[in-house]
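Colleague: Supplied structure: start.cif, mmCIF, C-alpha atoms and all ligand atoms.
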data_structure
loop_
_atom_site.label_atom_id
_atom_site.label_comp_id
_atom_site.auth_asym_id
_atom_site.auth_seq_id
_atom_site.Cartn_x
_atom_site.Cartn_y
_atom_site.Cartn_z
CA MET A 1339 110.89 45.95 -121.90
CA ARG A 1340 108.61 47.60 -124.37
CA VAL A 1341 106.96 46.85 -127.66
CA GLU A 1342 107.87 49.53 -130.18
CA SER A 1343 105.66 48.20 -132.93
CA LEU A 1344 103.18 45.42 -133.44
CA GLU A 1345 102.10 44.13 -136.83
CA LEU A 1346 99.21 41.75 -137.35
CA ALA A 1347 98.21 40.12 -140.62
CA ASN A 1348 95.02 38.08 -140.79
CA PHE A 1349 95.11 37.57 -137.04
CA ARG A 1350 91.57 37.17 -135.60
CA ASN A 1351 89.53 40.17 -136.82
CA TYR A 1352 92.61 42.15 -137.95
CA ALA A 1353 93.20 42.00 -141.68
CA ALA A 1354 96.27 44.20 -141.38
CA LEU A 1355 97.38 46.28 -138.44
CA ARG A 1356 100.47 48.29 -137.71
CA PHE A 1357 100.46 49.74 -134.24
CA GLU A 1358 103.14 51.72 -132.45
CA PRO A 1359 102.12 51.49 -128.84
CA PRO A 1360 103.11 54.20 -126.40
CA GLU A 1361 105.42 53.69 -123.48
CA GLY A 1362 103.68 53.37 -120.12
CA ALA A 1363 100.00 52.58 -119.84
CA CYS A 1364 98.04 52.06 -123.03
CA ILE A 1365 94.30 51.73 -122.59
CA LEU A 1366 92.43 50.00 -125.39
CA VAL A 1367 88.80 51.01 -125.26
CA GLY A 1368 85.85 50.07 -127.38
CA ARG A 1369 82.56 48.25 -127.41
CA ASN A 1370 82.40 44.48 -127.14
CA ALA A 1371 83.76 42.26 -129.89
CA GLN A 1372 85.85 44.98 -131.55
CA GLY A 1373 89.27 43.38 -131.13
CA LYS A 1374 90.62 44.69 -127.81
CA SER A 1375 91.44 41.31 -126.32
CA ASN A 1376 92.76 40.14 -129.68
CA VAL A 1377 95.61 42.66 -129.38
CA LEU A 1378 96.53 41.33 -125.95
CA GLU A 1379 96.22 37.80 -127.23
CA ALA A 1380 98.69 38.57 -130.04
CA LEU A 1381 101.21 40.01 -127.57
CA ALA A 1382 100.76 37.07 -125.19
CA LEU A 1383 101.29 34.69 -128.11
CA LEU A 1384 104.78 36.13 -128.56
CA ALA A 1385 105.55 35.68 -124.87
CA LEU A 1386 103.97 32.29 -124.23
CA GLY A 1387 104.18 30.73 -127.68
CA LYS A 1388 100.46 30.11 -127.46
CA SER A 1389 97.17 31.87 -126.94
CA PHE A 1390 95.87 32.53 -123.47
CA ARG A 1391 92.40 31.55 -124.62
CA ALA A 1392 92.16 29.77 -127.96
CA VAL A 1393 91.43 26.11 -127.71
CA ARG A 1394 92.03 25.58 -131.42
CA GLU A 1395 94.96 27.48 -132.83
CA SER A 1396 93.32 27.67 -136.24
CA ASP A 1397 90.81 30.07 -134.60
CA LEU A 1398 93.62 32.64 -134.45
CA ILE A 1399 93.64 32.86 -138.24
CA ARG A 1400 91.25 35.33 -139.78
CA LEU A 1401 88.25 33.57 -141.30
CA ASP A 1402 88.98 32.40 -144.84
CA ALA A 1403 92.65 33.43 -144.70
CA PRO A 1404 95.27 30.67 -145.09
CA ALA A 1405 97.66 32.03 -142.46
CA ALA A 1406 98.07 34.64 -139.74
CA SER A 1407 101.13 36.43 -138.54
CA VAL A 1408 102.08 38.45 -135.50
CA THR A 1409 105.33 40.41 -135.43
CA ALA A 1410 106.63 42.76 -132.78
CA ARG A 1411 109.72 44.89 -132.49
CA VAL A 1412 110.70 44.81 -128.86
CA ARG A 1413 113.27 46.86 -127.01
CA THR A 1414 114.82 45.08 -124.05
CA ARG A 1415 117.91 45.82 -121.98
CA ALA A 1416 119.78 43.58 -124.41
CA GLY A 1417 118.78 45.76 -127.36
CA SER A 1418 116.15 45.72 -130.02
CA ALA A 1419 114.84 42.54 -131.66
CA THR A 1420 111.84 41.33 -133.61
CA ALA A 1421 109.78 38.35 -132.58
CA GLY A 1422 107.27 36.75 -134.88
CA CYS A 1423 104.82 33.91 -135.07
CA VAL A 1424 103.21 32.59 -138.23
CA ILE A 1425 100.20 30.32 -137.91
CA THR A 1426 99.24 28.38 -141.01
CA ARG A 1427 96.19 26.23 -141.57
CA ALA A 1428 97.10 22.57 -141.83
CA GLY A 1429 94.25 20.14 -142.35
CA GLU A 1430 91.75 20.60 -139.53
CA GLY A 1431 94.30 22.34 -137.35
CA ALA A 1432 97.17 24.77 -137.64
CA ARG A 1433 100.96 24.82 -137.62
CA LYS A 1434 103.04 27.48 -135.92
CA ARG A 1435 106.43 28.81 -136.85
CA PHE A 1436 108.45 31.14 -134.66
CA LEU A 1437 110.85 33.77 -135.86
CA ARG A 1438 113.50 35.87 -134.20
CA ASP A 1439 114.87 38.76 -136.25
CA GLY A 1440 113.27 37.17 -139.28
CA ARG A 1441 114.89 33.75 -138.86
CA SER A 1442 113.05 30.57 -137.87
CA VAL A 1443 113.79 29.35 -134.37
CA SER A 1444 112.46 26.45 -132.34
CA TYR A 1445 109.65 27.04 -129.88
CA GLY A 1446 111.99 26.37 -126.96
CA ASN A 1447 114.52 28.91 -128.19
CA PHE A 1448 111.82 31.44 -128.94
CA LEU A 1449 110.46 31.57 -125.41
CA GLY A 1450 111.95 34.09 -123.02
CA GLY A 1451 112.59 36.77 -125.64
CA ILE A 1452 109.47 38.62 -124.58
CA MET A 1453 108.14 38.27 -121.08
CA ALA A 1454 104.56 39.11 -120.29
CA VAL A 1455 102.32 38.69 -117.30
CA THR A 1456 98.69 38.39 -118.29
CA PHE A 1457 95.73 38.97 -116.05
CA VAL A 1458 92.41 37.92 -117.53
CA PRO A 1459 88.93 37.67 -116.01
CA ALA A 1460 89.31 33.90 -115.50
CA ASP A 1461 92.19 34.65 -113.12
CA LEU A 1462 89.74 36.34 -110.78
CA ALA A 1463 88.50 32.82 -110.01
CA LEU A 1464 92.00 31.67 -109.06
CA VAL A 1465 90.87 30.90 -105.50
CA THR A 1466 87.48 29.33 -106.14
CA GLY A 1467 87.94 27.94 -109.65
CA PRO A 1468 89.33 24.59 -110.75
CA ALA A 1469 92.93 23.50 -110.08
CA SER A 1470 93.64 23.82 -113.81
CA LEU A 1471 93.59 27.64 -113.39
CA ARG A 1472 96.26 27.46 -110.71
CA ARG A 1473 98.37 25.03 -112.75
CA ARG A 1474 98.04 27.36 -115.74
CA LEU A 1475 99.53 30.19 -113.69
CA LEU A 1476 102.49 27.99 -112.73
CA ASN A 1477 102.99 26.79 -116.30
CA ALA A 1478 102.75 30.23 -117.90
CA ALA A 1479 105.16 31.73 -115.40
CA LEU A 1480 107.69 28.91 -115.43
CA SER A 1481 107.65 28.40 -119.22
CA GLN A 1482 108.76 32.00 -119.70
CA ILE A 1483 111.42 31.88 -117.02
CA ASP A 1484 112.86 28.45 -117.71
CA ARG A 1485 113.16 26.89 -121.20
CA GLY A 1486 113.84 23.48 -119.70
CA TYR A 1487 110.51 23.69 -117.95
CA TYR A 1488 108.65 24.33 -121.17
CA ARG A 1489 110.34 21.35 -122.85
CA ASP A 1490 109.53 19.11 -119.90
CA LEU A 1491 105.93 20.28 -119.88
CA ALA A 1492 105.49 19.43 -123.55
CA ALA A 1493 107.21 16.05 -123.11
CA TYR A 1494 105.08 15.29 -120.07
CA ALA A 1495 101.84 16.08 -121.92
CA LYS A 1496 102.92 13.72 -124.67
CA VAL A 1497 103.80 10.80 -122.42
CA LEU A 1498 100.64 11.31 -120.39
CA ALA A 1499 98.51 11.17 -123.54
CA GLN A 1500 100.33 7.97 -124.56
CA LYS A 1501 99.86 6.42 -121.15
CA ASN A 1502 96.14 7.30 -121.07
CA ALA A 1503 95.66 5.82 -124.56
CA PHE A 1504 97.48 2.70 -123.36
CA LEU A 1505 95.26 2.40 -120.26
CA LYS A 1506 92.20 2.41 -122.54
CA SER A 1507 93.69 -0.03 -125.05
CA PRO A 1508 93.48 -3.85 -125.14
CA ASP A 1509 97.20 -3.90 -124.13
CA ALA A 1510 96.39 -2.30 -120.78
CA GLY A 1511 97.44 -5.46 -118.89
CA ASP A 1512 101.01 -5.29 -120.24
CA ARG A 1513 103.05 -4.56 -117.09
CA ALA A 1514 106.31 -3.97 -118.96
CA LEU A 1515 104.75 -1.37 -121.21
CA LEU A 1516 103.14 0.33 -118.24
CA ALA A 1517 106.54 0.43 -116.54
CA THR A 1518 108.12 2.23 -119.49
CA TYR A 1519 105.39 4.89 -119.47
CA ASN A 1520 105.62 5.30 -115.72
CA ALA A 1521 109.40 5.61 -115.84
CA GLN A 1522 108.99 8.62 -118.12
CA VAL A 1523 106.19 10.08 -115.99
CA VAL A 1524 108.54 9.84 -113.00
CA ASP A 1525 111.58 11.19 -114.78
CA ILE A 1526 109.94 14.23 -116.41
CA GLY A 1527 107.35 14.69 -113.67
CA ALA A 1528 109.98 14.98 -110.94
CA ARG A 1529 111.67 17.84 -112.77
CA LEU A 1530 108.34 19.66 -113.16
CA VAL A 1531 107.54 19.14 -109.49
CA SER A 1532 110.96 20.39 -108.37
CA ALA A 1533 110.65 23.52 -110.51
CA ARG A 1534 107.13 24.21 -109.27
CA MET A 1535 108.18 23.64 -105.68
CA ALA A 1536 110.97 26.22 -105.90
CA TYR A 1537 108.75 28.69 -107.75
CA VAL A 1538 105.83 28.42 -105.35
CA ARG A 1539 108.10 29.01 -102.40
CA ARG A 1540 109.09 32.38 -103.86
CA LEU A 1541 105.58 33.15 -105.07
CA ALA A 1542 104.22 32.43 -101.60
CA HIS A 1543 106.73 34.78 -100.01
CA ASP A 1544 106.05 37.69 -102.34
CA ALA A 1545 102.28 37.17 -102.24
CA ARG A 1546 102.30 37.08 -98.44
CA VAL A 1547 104.28 40.30 -98.24
CA ALA A 1548 102.04 42.14 -100.75
CA HIS A 1549 98.94 40.87 -99.01
CA ALA A 1550 100.15 41.84 -95.53
CA ARG A 1551 100.79 45.37 -96.74
CA TRP A 1552 97.23 45.65 -98.01
CA VAL A 1553 95.24 44.07 -95.19
CA ASN A 1554 97.12 45.46 -92.24
CA GLY A 1555 97.44 42.34 -90.12
CA ALA A 1556 94.00 40.90 -90.87
CA GLY A 1557 95.11 37.29 -91.49
CA GLU A 1558 98.16 35.95 -93.26
CA LEU A 1559 97.90 34.67 -96.84
CA GLU A 1560 99.48 31.27 -97.29
CA VAL A 1561 100.16 29.82 -100.72
CA THR A 1562 101.36 26.23 -100.58
CA TYR A 1563 102.22 23.85 -103.34
CA ALA A 1564 100.01 20.76 -103.27
CA PRO A 1565 101.65 18.25 -105.59
CA SER A 1566 100.11 14.97 -106.70
CA PRO A 1567 100.92 12.77 -104.83
CA PHE A 1568 101.15 15.03 -101.83
CA GLN A 1569 104.74 15.22 -100.62
CA ASP A 1570 107.29 17.63 -99.29
CA ALA A 1571 110.45 16.01 -100.59
CA GLU A 1572 113.38 18.40 -100.91
CA THR A 1573 115.41 16.89 -103.75
CA THR A 1574 114.48 15.78 -107.25
CA ASP A 1575 115.57 12.23 -106.34
CA ALA A 1576 113.25 12.17 -103.36
CA VAL A 1577 110.41 13.57 -105.49
CA SER A 1578 111.04 10.79 -108.05
CA ALA A 1579 110.95 8.11 -105.38
CA CYS A 1580 107.69 9.42 -104.01
CA LEU A 1581 106.06 9.69 -107.45
CA ALA A 1582 107.26 6.18 -108.38
CA GLY A 1583 105.84 4.79 -105.13
CA ALA A 1584 102.46 6.41 -105.73
CA LEU A 1585 102.29 5.11 -109.31
CA GLU A 1586 103.05 1.60 -108.09
CA GLN A 1587 100.41 1.81 -105.41
CA LEU A 1588 97.77 3.28 -107.69
CA ALA A 1589 98.43 0.97 -110.64
CA PRO A 1590 95.37 -1.23 -109.91
CA ALA A 1591 93.11 1.84 -109.59
CA GLU A 1592 94.50 3.32 -112.82
CA ALA A 1593 93.88 0.01 -114.59
CA ALA A 1594 90.32 -0.12 -113.26
CA ARG A 1595 89.48 3.49 -114.08
CA ARG A 1596 91.55 3.44 -117.31
CA VAL A 1597 93.05 6.83 -116.64
CA SER A 1598 96.20 8.22 -115.10
CA LEU A 1599 95.39 9.25 -111.52
CA VAL A 1600 98.58 10.68 -110.14
CA GLY A 1601 101.30 13.06 -111.25
CA PRO A 1602 101.93 16.77 -111.86
CA HIS A 1603 98.92 17.03 -114.19
CA ARG A 1604 96.92 16.82 -110.96
CA ASP A 1605 98.94 19.34 -108.96
CA ASP A 1606 97.31 22.23 -107.18
CA LEU A 1607 98.02 25.21 -104.97
CA ALA A 1608 96.51 25.33 -101.50
CA LEU A 1609 95.44 28.85 -100.56
CA SER A 1610 94.57 29.82 -97.04
CA LEU A 1611 94.02 32.92 -94.97
CA GLY A 1612 94.87 32.89 -91.28
CA GLY A 1613 95.08 29.09 -91.48
CA ARG A 1614 91.65 28.56 -93.07
CA PRO A 1615 91.09 27.45 -96.67
CA LEU A 1616 90.22 30.58 -98.62
CA ALA A 1617 87.89 28.91 -101.10
CA ARG A 1618 85.65 27.65 -98.27
CA TYR A 1619 85.92 30.32 -95.60
CA GLY A 1620 86.99 33.49 -97.39
CA SER A 1621 84.60 36.26 -98.28
CA GLN A 1622 84.52 37.25 -101.92
CA GLY A 1623 86.52 40.36 -101.03
CA GLN A 1624 89.16 38.32 -99.21
CA GLN A 1625 89.40 35.90 -102.12
CA ARG A 1626 89.84 38.74 -104.56
CA THR A 1627 92.55 40.42 -102.50
CA ALA A 1628 94.39 37.10 -102.39
CA VAL A 1629 94.19 36.78 -106.19
CA LEU A 1630 95.68 40.26 -106.60
CA ALA A 1631 98.49 39.46 -104.18
CA ILE A 1632 99.31 36.31 -106.14
CA LYS A 1633 99.26 38.13 -109.50
CA ALA A 1634 101.43 40.91 -108.06
CA ALA A 1635 103.86 38.25 -106.86
CA GLU A 1636 103.85 36.59 -110.28
CA TYR A 1637 104.76 39.94 -111.81
CA ALA A 1638 107.55 40.54 -109.30
CA LEU A 1639 109.08 37.12 -110.01
CA ALA A 1640 108.90 37.60 -113.77
CA HIS A 1641 110.52 41.00 -113.30
CA ALA A 1642 113.32 39.48 -111.25
CA ALA A 1643 113.86 36.65 -113.75
CA ALA A 1644 114.00 38.98 -116.77
CA GLY A 1645 116.09 41.58 -114.98
CA GLU A 1646 113.64 44.18 -116.29
CA ALA A 1647 109.94 44.93 -116.25
CA PRO A 1648 107.87 42.42 -118.26
CA LEU A 1649 104.88 43.54 -120.33
CA LEU A 1650 101.72 43.76 -118.32
CA LEU A 1651 98.56 42.63 -120.11
CA LEU A 1652 95.34 43.38 -118.24
CA ASP A 1653 92.26 42.16 -120.07
CA ASP A 1654 89.03 43.60 -118.65
CA VAL A 1655 90.12 43.07 -115.06
CA LEU A 1656 90.61 46.57 -113.69
CA SER A 1657 86.93 47.37 -114.26
CA GLU A 1658 86.12 44.37 -112.02
CA LEU A 1659 87.98 45.82 -109.05
CA ASP A 1660 86.85 48.44 -106.59
CA GLU A 1661 88.98 51.54 -106.43
CA GLU A 1662 90.89 50.55 -103.33
CA ARG A 1663 91.97 47.18 -104.72
CA ARG A 1664 92.75 48.64 -108.11
CA THR A 1665 95.02 51.27 -106.60
CA ALA A 1666 96.70 48.78 -104.29
CA PHE A 1667 97.32 46.36 -107.14
CA LEU A 1668 98.66 48.94 -109.57
CA SER A 1669 100.98 50.47 -107.02
CA SER A 1670 102.40 47.03 -106.23
CA ILE A 1671 103.32 46.39 -109.88
CA ALA A 1672 106.48 48.33 -109.29
CA GLY A 1673 107.64 50.38 -112.25
CA PHE A 1674 106.11 48.60 -115.23
CA GLU A 1675 107.52 50.03 -118.42
CA GLN A 1676 104.56 49.20 -120.62
CA ALA A 1677 101.08 47.93 -119.90
CA PHE A 1678 98.18 47.11 -122.21
CA ILE A 1679 94.83 47.49 -120.53
CA THR A 1680 91.44 46.80 -122.08
CA ALA A 1681 88.15 48.28 -120.96
CA THR A 1682 84.79 49.23 -122.38
CA HIS A 1683 85.12 52.80 -121.08
CA VAL A 1684 88.17 54.73 -119.94
CA SER A 1685 86.28 55.70 -116.79
CA ASP A 1686 86.03 51.98 -115.87
CA VAL A 1687 89.75 51.73 -115.23
CA ALA A 1688 90.44 55.08 -113.49
CA LEU A 1689 94.16 54.54 -113.64
CA GLY A 1690 95.39 57.50 -111.67
CA MET A 1691 98.58 57.63 -113.72
CA PRO A 1692 99.55 58.98 -117.13
CA HIS A 1693 98.18 56.88 -119.96
CA ARG A 1694 97.24 56.97 -123.57
CA VAL A 1695 93.86 55.91 -124.87
CA ILE A 1696 93.46 53.99 -128.10
CA ARG A 1697 90.01 53.36 -129.48
CA VAL A 1698 89.37 49.92 -130.99
CA SER A 1699 86.62 49.54 -133.52
CA ALA A 1700 86.03 46.57 -135.83
CA GLY A 1701 89.68 45.60 -136.09
CA ARG A 1702 91.02 49.15 -136.37
CA LEU A 1703 92.93 51.20 -133.85
CA VAL A 1704 92.51 54.95 -133.60
CA ASP A 1705 94.32 57.31 -131.29
CA ALA A 1706 91.68 58.86 -129.11
CA PRO A 1707 91.41 62.67 -129.13
CA ALA A 1708 94.03 64.59 -127.22
CA HIS A 1709 91.73 65.48 -124.36
CA ALA A 1710 91.53 61.78 -123.53
CA ILE A 1711 95.29 61.67 -123.05
CA SER A 1712 95.22 62.53 -119.43
CA ALA A 1713 97.20 62.07 -116.29
N1 LIG B 1801 89.48 33.95 -136.63
C1 LIG B 1801 88.73 35.06 -136.67
N2 LIG B 1801 88.46 35.68 -137.83
C2 LIG B 1801 87.72 36.81 -137.87
N3 LIG B 1801 87.21 37.40 -136.77
C3 LIG B 1801 87.45 36.82 -135.58
C4 LIG B 1801 88.23 35.63 -135.46
N4 LIG B 1801 88.29 35.29 -134.15
C5 LIG B 1801 87.59 36.23 -133.50
N5 LIG B 1801 87.09 37.15 -134.34
C6 LIG B 1801 86.28 38.33 -134.02
O1 LIG B 1801 86.98 39.12 -133.10
C7 LIG B 1801 86.03 39.81 -132.30
C8 LIG B 1801 86.31 39.62 -130.84
O2 LIG B 1801 87.48 40.25 -130.54
P1 LIG B 1801 87.91 40.51 -129.03
O3 LIG B 1801 89.26 41.08 -129.11
O4 LIG B 1801 87.69 39.31 -128.22
O5 LIG B 1801 86.83 41.61 -128.65
P2 LIG B 1801 86.83 42.62 -127.44
O6 LIG B 1801 86.99 43.97 -128.06
O7 LIG B 1801 85.46 42.44 -126.84
O8 LIG B 1801 87.92 42.26 -126.51
C9 LIG B 1801 84.68 39.28 -132.62
O9 LIG B 1801 84.03 40.20 -133.45
C10 LIG B 1801 84.98 37.98 -133.33
O10 LIG B 1801 83.99 37.67 -134.25
MG MG B 1802 87.72 41.35 -124.64
#
Can the structure from this file be put into structure tokens for me?
Modeller:
Amino acid sequence: MRVESLELANFRNYAALRFEPPEGACILVGRNAQGKSNVLEALALLALGKSFRAVRESDLIRLDAPAASVTARVRTRAGSATAGCVITRAGEGARKRFLRDGRSVSYGNFLGGIMAVTFVPADLALVTGPASLRRRLLNAALSQIDRGYYRDLAAYAKVLAQKNAFLKSPDAGDRALLATYNAQVVDIGARLVSARMAYVRRLAHDARVAHARWVNGAGELEVTYAPSPFQDAETTDAVSACLAGALEQLAPAEAARRVSLVGPHRDDLALSLGGRPLARYGSQGQQRTAVLAIKAAEYALAHAAAGEAPLLLLDDVLSELDEERRTAFLSSIAGFEQAFITATHVSDVALGMPHRVIRVSAGRLVDAPAHAISA
């Protein structure tokens, strides 16, 4: 798929932008704090329904403006469509509205229209960083592929927040109330776990294959789902039973610590190389190669799910890779149709493929001179 035009109004540092991105690789270059990542963030917002970095959604709105909007015309195999998101200040926070071809649609129905795989500097810590990074990969990938997953994820977050508030409240001893929260944790949680289990199995396969091609037999990459509680149940019913059992067993500990201790919000991925945990035994180079294999696999699965190439959004990551890894990674992203790549200097990304360079300066985009349009 490809974005034919992108319009921003009062989004971050863009007062008004109309941008017709080229097909293929588009490199956004410019000094720091000019608005390169903001363009990627806008595109990711249309794919994920949320920012890949903002904690507060009101931060997406240009300072002093009441609302921001992001609209893109996208050509997919199914035809051409517009996708839009309007973010309006509401009290301390913000409210979002999603549009398809100019008409309001629910968040759940909005997702899946545009598919994007994002790769940001934080992803480089996928092996050594906190489990939340690995869960974020699963959630971003599955939300775009599977609308049911997104709905379950939102419902789970809600019930978890309610349960945690309950555990801290004076009612915390109420066994019946606890049982109603836990029943929902089990019901929704089991669906999330089943979806993650199936996804990780495919991710693990594709990542192992990509990795093996790169390292030439020097240790096999293993990606394994590590659900909370740990289990390898095969059916959703069996997952439910296991989760219910763990909640029962941990109820006294949850009451004592006043926080929910078990469930998919604590899931992780176990990553190992040649049977040894990568975070503890891997060299930095080995860890990085593993990250690239996992991101390449994520892209391949999104491609398969969409039936066409998703957008590729690379925010300041290519400049972090040595030439060998960069080449290996790019060649494994088979046939992307459109990629948005940010860098401080064009020379930092050394793409080795045709691309167009766009210069970003203080919330304006300028086509770089023709000599920069190189193969
Ligand atoms: N809500 C906002 N209103 C106005 N400017 C913003 C807003 N949020 C971020 N910015 C500005 O956007 C710029 C950062 O943009 P970013 O795309 O992250 O830069 P980079 O080019 O380094 O990737 C900064 O100058 C920051 O002040
Ligand atoms: Mg940036």
Colleague: Let me make sure I understand: among A:Leu1355, A:Ala1688, A:Ala1517, A:Ala1647, which one has the smallest atom-to-atom distance to Glu1662 of chain A if we use only C-alpha atoms?
Modeller: A:Ala1688
Colleague: Applying 8 Å and all atoms listed in the file, which residues near Ala1640 of chain A remain after dropping the ones on its own chain fewer than 5 positions away? List them as a PyMOL selection string.
Modeller: chain A and resi 1453-1455+1479+1483+1647-1648
Colleague: Now that the selection is made, can you save its residues with C-alpha atoms as a PDB file, keeping the file's coordinate frame?
Modeller:
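Saved the output as again-v5.pdb:
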ATOM      1  CA  MET A1453     108.140  38.270-121.080  1.00  0.00           C
ATOM      2  CA  ALA A1454     104.560  39.110-120.290  1.00  0.00           C
ATOM      3  CA  VAL A1455     102.320  38.690-117.300  1.00  0.00           C
ATOM      4  CA  ALA A1479     105.160  31.730-115.400  1.00  0.00           C
ATOM      5  CA  ILE A1483     111.420  31.880-117.020  1.00  0.00           C
ATOM      6  CA  ALA A1647     109.940  44.930-116.250  1.00  0.00           C
ATOM      7  CA  PRO A1648     107.870  42.420-118.260  1.00  0.00           C
TER       8      PRO A1648
END
Colleague: List as number ranges by chain: which residues have an atom within 12 Å of (103.9, 20.7, -122.4), counting all atoms listed in the file?
Modeller: A: 1386-1388, 1445-1446, 1473-1474, 1477-1478, 1480-1481, 1485-1499, 1526-1527, 1530, 1602-1603
Colleague: Can I get the selected residues back with C-alpha atoms, as a compact mmCIF listing (two decimals), in the coordinates of the input?
Modeller:
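Wrote selection_26.txt, looks like this:
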# COMPACT_ATOMS: atom_id res chain seq x y z
CA LEU A 1386 103.97 32.29 -124.23
CA GLY A 1387 104.18 30.73 -127.68
CA LYS A 1388 100.46 30.11 -127.46
CA TYR A 1445 109.65 27.04 -129.88
CA GLY A 1446 111.99 26.37 -126.96
CA ARG A 1473 98.37 25.03 -112.75
CA ARG A 1474 98.04 27.36 -115.74
CA ASN A 1477 102.99 26.79 -116.30
CA ALA A 1478 102.75 30.23 -117.90
CA LEU A 1480 107.69 28.91 -115.43
CA SER A 1481 107.65 28.40 -119.22
CA ARG A 1485 113.16 26.89 -121.20
CA GLY A 1486 113.84 23.48 -119.70
CA TYR A 1487 110.51 23.69 -117.95
CA TYR A 1488 108.65 24.33 -121.17
CA ARG A 1489 110.34 21.35 -122.85
CA ASP A 1490 109.53 19.11 -119.90
CA LEU A 1491 105.93 20.28 -119.88
CA ALA A 1492 105.49 19.43 -123.55
CA ALA A 1493 107.21 16.05 -123.11
CA TYR A 1494 105.08 15.29 -120.07
CA ALA A 1495 101.84 16.08 -121.92
CA LYS A 1496 102.92 13.72 -124.67
CA VAL A 1497 103.80 10.80 -122.42
CA LEU A 1498 100.64 11.31 -120.39
CA ALA A 1499 98.51 11.17 -123.54
CA ILE A 1526 109.94 14.23 -116.41
CA GLY A 1527 107.35 14.69 -113.67
CA LEU A 1530 108.34 19.66 -113.16
CA PRO A 1602 101.93 16.77 -111.86
CA HIS A 1603 98.92 17.03 -114.19
Colleague: For Gly1373 of chain A, find every residue with an atom within 9 Å (counting only C-alpha atoms), except residues of its own chain fewer than 2 positions away, and show them as a PyMOL selection string.
Modeller: chain A and resi 1350-1352+1368+1370-1371+1375-1377+1698-1702
Colleague: Could those residues be written to a file, using C-alpha atoms, as a PDB file, in the coordinates of the input?
Modeller:
ATOM      1  CA  ARG A1350      91.570  37.170-135.600  1.00  0.00           C
ATOM      2  CA  ASN A1351      89.530  40.170-136.820  1.00  0.00           C
ATOM      3  CA  TYR A1352      92.610  42.150-137.950  1.00  0.00           C
ATOM      4  CA  GLY A1368      85.850  50.070-127.380  1.00  0.00           C
ATOM      5  CA  ASN A1370      82.400  44.480-127.140  1.00  0.00           C
ATOM      6  CA  ALA A1371      83.760  42.260-129.890  1.00  0.00           C
ATOM      7  CA  SER A1375      91.440  41.310-126.320  1.00  0.00           C
ATOM      8  CA  ASN A1376      92.760  40.140-129.680  1.00  0.00           C
ATOM      9  CA  VAL A1377      95.610  42.660-129.380  1.00  0.00           C
ATOM     10  CA  VAL A1698      89.370  49.920-130.990  1.00  0.00           C
ATOM     11  CA  SER A1699      86.620  49.540-133.520  1.00  0.00           C
ATOM     12  CA  ALA A1700      86.030  46.570-135.830  1.00  0.00           C
ATOM     13  CA  GLY A1701      89.680  45.600-136.090  1.00  0.00           C
ATOM     14  CA  ARG A1702      91.020  49.150-136.370  1.00  0.00           C
TER      15      ARG A1702
END
Colleague: Separation of atom CA of His1641 of chain A and atom CA of Arg1539 of chain A, in Å?
Modeller: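 Computing it gives 16.4 Å between the two atoms.
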Colleague: What is the distance between atom CA of Glu1661 of chain A and atom CA of Val1687 of chain A, in Å to one decimal?
Modeller: 8.8 Å
Colleague: Could you write out as JSON the box around ligand LIG 1801 (chain B) (axis-aligned, all atoms listed in the file, 8 Å on each side), with centre and edge lengths in Å to one decimal?
Modeller:
{"center_x": 86.7, "center_y": 39.0, "center_z": -132.2, "size_x": 21.5, "size_y": 26.0, "size_z": 27.4}
Colleague: Under the rule that only C-alpha atoms are counted, which of A:Leu1346, A:Leu1449, A:Leu1366, A:Leu1630 is the nearest residue to Ala1406 of chain A?
Modeller: A:Leu1346
Colleague: With only C-alpha atoms and all ligand atoms as the basis for distance, which of A:Ser1396, A:Gln1676, A:Ser1532, A:Ser1657 is at the shortest distance from ligand LIG 1801 (chain B)?
Modeller: A:Ser1396
Colleague: So the first atom is atom CA of Glu1572 of chain A and the second is atom CA of Ala1548 of chain A; what is the distance between them in Å, to one decimal place?
Modeller: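 Atom-to-atom, atom CA of Glu1572 of chain A to atom CA of Ala1548 of chain A, that is 26.3 Å.
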Colleague: Once you count all atoms listed in the file, which residues end up no further than 12 Å from (96.1, 36.8, -127.1) in the file's frame, shown as JSON, numbers by chain?
Modeller: {"A": [1346, 1349, 1350, 1373, 1374, 1375, 1376, 1377, 1378, 1379, 1380, 1381, 1382, 1383, 1384, 1385, 1386, 1387, 1388, 1389, 1390, 1391, 1392, 1393, 1395, 1397, 1398, 1408, 1454, 1455, 1456, 1457, 1458, 1651, 1652, 1653, 1678]}
Colleague: Choose the residue, out of A:Arg1433, A:His1549, A:His1683, A:Arg1411, that has the smallest atom-to-atom separation from ligand LIG 1801 (chain B); count all atoms listed in the file.
Modeller: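 Using all atoms listed in the file, the shortest distance to ligand LIG 1801 (chain B) belongs to A:His1683.
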Colleague: List the spatial neighbours of Gln1625 of chain A as a ChimeraX atom specification - criterion: any atom at most 8 Å away, all atoms listed in the file, same-chain residues fewer than 3 positions off excluded.
Modeller: /A:1465-1466,1616-1617,1620-1622,1628-1629
Colleague: Which one is closest to ligand LIG 1801 (chain B): A:Leu1649, A:Ala1521, A:Leu1599, A:Ile1425? Count all atoms listed in the file.
Modeller: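 Closest candidate: A:Ile1425.
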Colleague: Which residue, A:Asp1570, A:Glu1342, A:Glu1558, A:Glu1636, has the smallest gap to Gly1612 of chain A when you use only C-alpha atoms?
Modeller: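 Looking only at the distances to Gly1612 of chain A, the closest residue turns out to be A:Glu1558.
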Colleague: Can you pull out every residue within 12 Å of Arg1546 of chain A, counting all atoms listed in the file, but drop anything in the same chain fewer than 2 positions away, and send it as a PyMOL selection string?
Modeller: chain A and resi 1538-1544+1548-1562+1609-1612+1627-1636
